[in-house]
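Asks: Structure below; questions to follow.
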Amino acid sequence: DNIVQFSSPVYFAEESEEAVTIDVIRLGTLAGTSRVRWDTQDSSAKAGQKYRVGSGTVTFSEGEYRKSIVVEVVQDETWSPTLDFKVVLSDPEGCICVSDNKTCRIKIIDDDLFPSNKYKDKLEKGSEGIEQINQWGLFAEYCKLNLGHEGLLWRTVLTICLDQMHNIYLFFLLKARTYLVNAVFNTHHPESRDDLLLLWHTDGEMDDRVEAAMLVGAMYVLPMVVLHMWDYAKIIMDVEGHSRVFLQT
């Protein structure tokens, strides 16, 4: 039987080339006609962002052993790590496709500067140009790149906003401790009873102070539950991990 497969399990394409040529070869007697379908599949590179979706049929006539397919690569001005997508062979006719060789990976080598091309002209001047780069501007370009990655912007904004609950809780603790000293535990000054936080009034002054202390205690404990739940949610969102994966992929 004839075997149809890729000539290599991995291909490399520079983004500036705007296309990659992939060789499909036929091994065996080379007799008769063989057909096989090919399709692109996403991996770390996504269709429409780093390459164009492609599919088709490769046909080998009598005696033919090599065919080429072309997949377009998207040229953009945004830096990205080396990403890859797959091309898969399927539906063989007049041949067979061995599982180990019916898939190949195409790695796209980005030609943009990190974190952006904004300072490209200065970088081309060498060390003199590098010294002229504004550090805060470079940091801003990094933030734009990082936050532009899928899912990082809303995770970052949500984390910044809800993390303020810790500051609010700390402020509450400072005020609560002052209140406990000046009002709840200040039994030497009867007028401090007027400052007690009460849900209902009782006849005894001591009962009022106990009730106020219990109310403060509840306000101390309940927010801790919310804060622990938020800390667990941050672990699940994993902003740091998503950013690291994006930069190191």
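Every chain in the structure tokens takes a letter, A first, then B, and so on in the order presented; its residues are numbered from 1, and the ligands are numbered from 1 following the presented order.
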Excluding same-chain residues fewer than 2 positions from segment 110-118 of chain A, what lies within 6 Å of it counting only C-alpha atoms, as a ChimeraX atom specification?

Replies: /A:15,79,120,142

Asks: If you take only C-alpha atoms and a cut-off of 9 Å, which residues of segment 22-67 of chain A touch segment 5-8 of chain A, and what are their nearest atom pairs and distances in Å to one decimal, in chain and number order, as a tab-separated table?

Replies:
```
residue	atom	partner	partner_atom	distance
A:Ile22	CA	A:Phe6	CA	7.6
A:Asp23	CA	A:Ser7	CA	5.7
A:Val24	CA	A:Phe6	CA	4.5
A:Ile25	CA	A:Gln5	CA	5.6
A:Arg26	CA	A:Gln5	CA	6.6
A:Leu27	CA	A:Gln5	CA	8.2
A:Arg66	CA	A:Ser7	CA	8.9
```

Asks: Counting only C-alpha atoms, which residues of segment 32-67 of chain A sit at most 7 Å from some atom of segment 85-97 of chain A, and what is each one's closest atom pair with its distance in Å to one decimal, listed by chain and rising residue number, as CSV?

Replies:
```
residue,atom,partner,partner_atom,distance
A:Thr33,CA,A:Gly94,CA,6.3
A:Ser34,CA,A:Gly94,CA,4.6
A:Arg35,CA,A:Glu93,CA,5.0
A:Val36,CA,A:Pro92,CA,4.4
A:Arg37,CA,A:Ser90,CA,5.1
A:Trp38,CA,A:Leu89,CA,4.5
A:Asp39,CA,A:Val88,CA,5.4
A:Thr40,CA,A:Val87,CA,4.4
A:Gln41,CA,A:Lys86,CA,5.0
A:Asp42,CA,A:Phe85,CA,5.1
A:Ser43,CA,A:Phe85,CA,4.7
A:Ser44,CA,A:Phe85,CA,6.5
A:Ala45,CA,A:Phe85,CA,5.4
```

Asks: Tell me, in Å to one decimal, how far atom CA of Leu196 of chain A is from atom CA of Ala213 of chain A.

Replies: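 If I compute the distance from atom CA of Leu196 of chain A to atom CA of Ala213 of chain A, I get 9.0 Å.
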
Asks: What is the distance, in Å and to one decimal place, between atom CA of Asn2 of chain A and atom CA of Val70 of chain A?

Replies: 23.0 Å

Asks: Fewer than 2 positions away in the same chain doesn't count, so skip those; otherwise give me all residues within 12 Å of His166 of chain A, counting only C-alpha atoms, as a ChimeraX atom specification.

Replies: /A:159-164,168-173,223-228,230-231

Asks: In Å to one decimal, how far is atom CA of Val181 of chain A from atom CA of Ala212 of chain A?

Replies: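 Answer for the atom CA of Ala212 of chain A to atom CA of Val181 of chain A separation: 12.1 Å.
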
Asks: Got a sec to tell me which of segment 29-182 of chain A DSSP assigns to strand (DSSP E), as a PyMOL selection string?

Replies: chain A and resi 34-41+55-60+66-72+83-93+103-109

Asks: Which one is closest to Ile108 of chain A: A:Ser55, A:Ser16, A:Gln248, A:Ser61? Count only C-alpha atoms.

Replies: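 Using only C-alpha atoms, Ile108 of chain A sits closest to A:Ser16.
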
Asks: Name the residues in contact with segment 148-156 of chain A at a cut-off of 8 Å, using only C-alpha atoms, excluding same-chain residues fewer than 4 positions from it; report them as a PyMOL selection string.

Replies: chain A and resi 144+160+237+239+242-243+246

Asks: When you look at Ala183 of chain A with a cut-off of 7 Å (counting only C-alpha atoms), what residues show up, excluding the ones that are within fewer than 2 positions of it in the same chain? I need them as a count of residues only.

Replies: 9

Asks: With distances taken over only C-alpha atoms, which residue among A:Arg52, A:Val4, A:Ile235, A:Lys46 lies nearest Leu30 of chain A?

Replies: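 The shortest atom-to-atom distance to Leu30 of chain A comes from A:Val4.
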
Asks: Among segment 33-221 of chain A, which residues carry a DSSP assignment of alpha helix (DSSP H), reported as a PyMOL selection string?

Replies: chain A and resi 120-123+127-131+135-147+152-162+164-179+205-221
